[in-house]
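In what follows, a structure is listed as structure tokens, so that the remarks can point back to it.
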Amino acid sequence: MTSTLKPVPWALHLTVLAIAVVFPFVFPSSFMVNFGVMALFYAFIGQSWNISGGFAGQLSFGHVAFFGVGAYASTIMQLRFGWSPWLGLPVSALAGALVGGVIAVLSFRAGLKGSYFALITLAFAEVLRIVTNSVSFTGGGLGLLIPMKASATNFQFAERIGFYFVILMLAALSVALAEWLRRSRFGAQLAAIRENEDSAKALGINVFREKVKVMLISGAISGMGGCFFAQYFLYIDPLVVFGVDKSVEMLLVSMIGGAGTVYGPLVGALLLASISDITRVLTQVQGLSLVLYGSLLVVIIAYLPNGLIDLFKRRRKPAGGQA
Amino acid sequence: MMLQVTGLTKIFGGLRAVDNASLGVDEGRIVALIGPNGAGKTTLFACIAGFLPLNAGRVEFLGRDITGLPVHEIARAGMVRTFQITQPFAKLTVHENIAVGAYQKFSNRAQAWAHAQAIAEQVGMAHMLAQPASELTVAGRKRLELARALATSPRLLLLDEVMAGLNPSEILEIIAIIRQIRDNGVTVLLIEHVMHAVMSLSDHIHVLSYGKIIAEGSPQQVVSNQAVVEAYLGRGSTANDAEADAAAGATHA
């Protein structure tokens with residue numbers, strides 16, 4: 001059993017950051033840099049799920065709601081109002097936080113917990129998908145195409161390495177946030193809420209307020225993930241940015257890597273991106289990567305219920321308590 | 001009067017679990033709430049601490065009406081309860097469990113963790129700080145409940161059967177700990193079934209039976225009270241049962 005309030009050593013943070021910074025120079029091919037971008041992207045949106053699902057124990061099946069709203073908010077501001085896509089990042093963060101806050105207030109006020117909360121988030125995400133699919137403001141089912149105008153001021157890079165460093169910065173910030181949760185009072189309160197809400201209340205923690213707060217933060221991160229996604233692929237439609245599969249991917253990278261840990265989402269994301277690229281290169285079978293990923297999930301839940309990150313921690317001998 | 005409960009009534013369906021109960025707790029004392037199984041003691045605790053809404057009655061704490069306030073606000077005002085069925089933060093260590101309580105007083109990590117350590121020493125858990133709460137024995141969990149609540153620096157502690165399931169030597173240890181907590185200026189209201197502990201610890205006792213307060217007083221007054229003896233042992237256990245008829249209506253089928 002690993003402690004969830006123990007800080008990660010600075011040396012480990014620096015090592016991981018150093019590897020991430022040199023990676024695109026050691027492997028400069030477009031294929032490898034794309035791999036790095038996708039891995040960091042999944043680590044980023046996985047961390048968003050991890051902060052509410054892993055640290056605070058509020059399991060959501062509909063995180064794509066925040067992601068999709070972020071993607072649409074920044075794209076619409078850009079296409080219809082001519083805003084810079086860089087402004088899209090704070091706009092999408094606000095939009096994601098807003099949706100996260102509204103869903104949180106509604107469901108936590110109604111006392112929804114556990115699987116009921118998971119289902120209500122799934123329902124909200126589906127509603128948003130159907131609404132964006134049917135109104136003309138969002139381009140309906142055709143989606144929105146962002147015109148290609150490669151320049152750094154336009155948040156579009158001719159070389160993928162530009163995107164790589166943007167997503168690296170975002171992912172690093174999300175890791176810093178997770179690390180802060182380990183060290184702060186807020187993080188301790190979230191851990192208490194995850195473990196036992198009644199006890200948390202009895203000790204004076206305002207459970208409702210802290211849960212809403214964590215959903216605001218998590219929604220903001222997912223929203224920024226949506227903005228990045230739109231700028232990277234230059235195309236969004238309701239099925240792509242509000243699809244259930246993206247919610248599942250966010251949850252899976254976090255759980256496979258290790259929910260409630262600082263580096264769990266990164267470990268899970270590296271695995272997801274590797275499986276996805278390897279199966280794409282070696283076979284033509286559509287969706288094989290998700291089949292493999294799902295099978296792996298079964299194995300991991302059976303043997304490493306705390307996620308892959310446990311492989312690194314198993315070596316440490318558990319502190320033997322005196323009887 | 002630190003805590004004043006007036007006419008508290010809690011109804012579950014057709015059952016009056018707590019019926020017009022009134023009790024007071026003076027500052028700086030250890031006050032016990034006793035009564036047979038099913039008398040409504042834990043329900044009364046839950047109502048006082050804000051976990052259950054009341055059907056009638058009023059709870060005043062430190063001169064302020066706290067009836068109907070949310071649990072966390074009552075806790076922040078300085079009244080913290082423990083659970084009879086222990087509710088540890090299972091995946092967190094002992095130190096982290098207590099630190100959650102300590103964080104209610106200190107927002108700084110170093111201070112909160114140091115305070116948690118001091119509390120652990122006070123309740124005799126200093127040697128198991130790194131142990132996950134899920135691995136504790138019953139005695140350990142009871143102690144952790146106490147430690148976590150104590151770490152919030154409460155004015156009044158509501159202890160719900162912290163001695164149940166402990167062996168005699170563990171009970172002696174926890175009695176000493178509770179006395180020391182009182183001596184440090186924290187008022188204690190406790191529910192307890194371990195009678196010799198209640199008798200030696202309490203300054204004042206309230207007796208609950210079938211949801212009603214049937215007696216109160218010093219330990220000596222309470223043990224010699226006819227209604228109390230009947231509530232525990234049933235009618236006919238004493239010679240003069242005719243007089244006792246009027247008392248509590250404690251009829252055991």
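Following the order of the structure tokens, first chain is A, next is B, and so on, with residues numbered from 1 inside each chain and ligands from 1 in the order they appear.
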Next item on the list: Might you pull out every residue within 12 Å of Gly204 (chain A), with only C-alpha atoms counted and same-chain residues fewer than 6 positions away left off, and present them as a ChimeraX atom specification?
Entry: /A:189,192-193,197-198,210 /B:49-50,69-81,100-105,148-149,151-154
Next item on the list: Just the residues within 8 Å of region 42-46 of chain A, please, counting only C-alpha atoms, with nothing from its chain fewer than 5 positions along; format it as a PyMOL selection string.
Entry: chain A and resi 167+170-171+174+221-222+225+249-254+265-270
Next item on the list: Can you work out the spacing between CA of Gln131 (chain B) and CA of Ala110 (chain B) in Å, to one decimal?
Entry: 19.6 Å
Next item on the list: Provide as a list in words the residues of chain A at most 7 Å from chain B, counting only C-alpha atoms.
Entry: Ser3, Thr4, Arg183, Ser184, Arg185, Ala188, Gln189, Ala192, Glu195, Asn196, Ser199, Lys201, Ala202, Leu203, Gly204, Ile205, Asn206, Ala319 and Gly321 of chain A
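The smallest atom-to-atom distance between Tyr232 (chain A) and any of A:Ser84, A:Asn34, A:Gln284, A:Ser48, using only C-alpha atoms, is found for A:Asn34.
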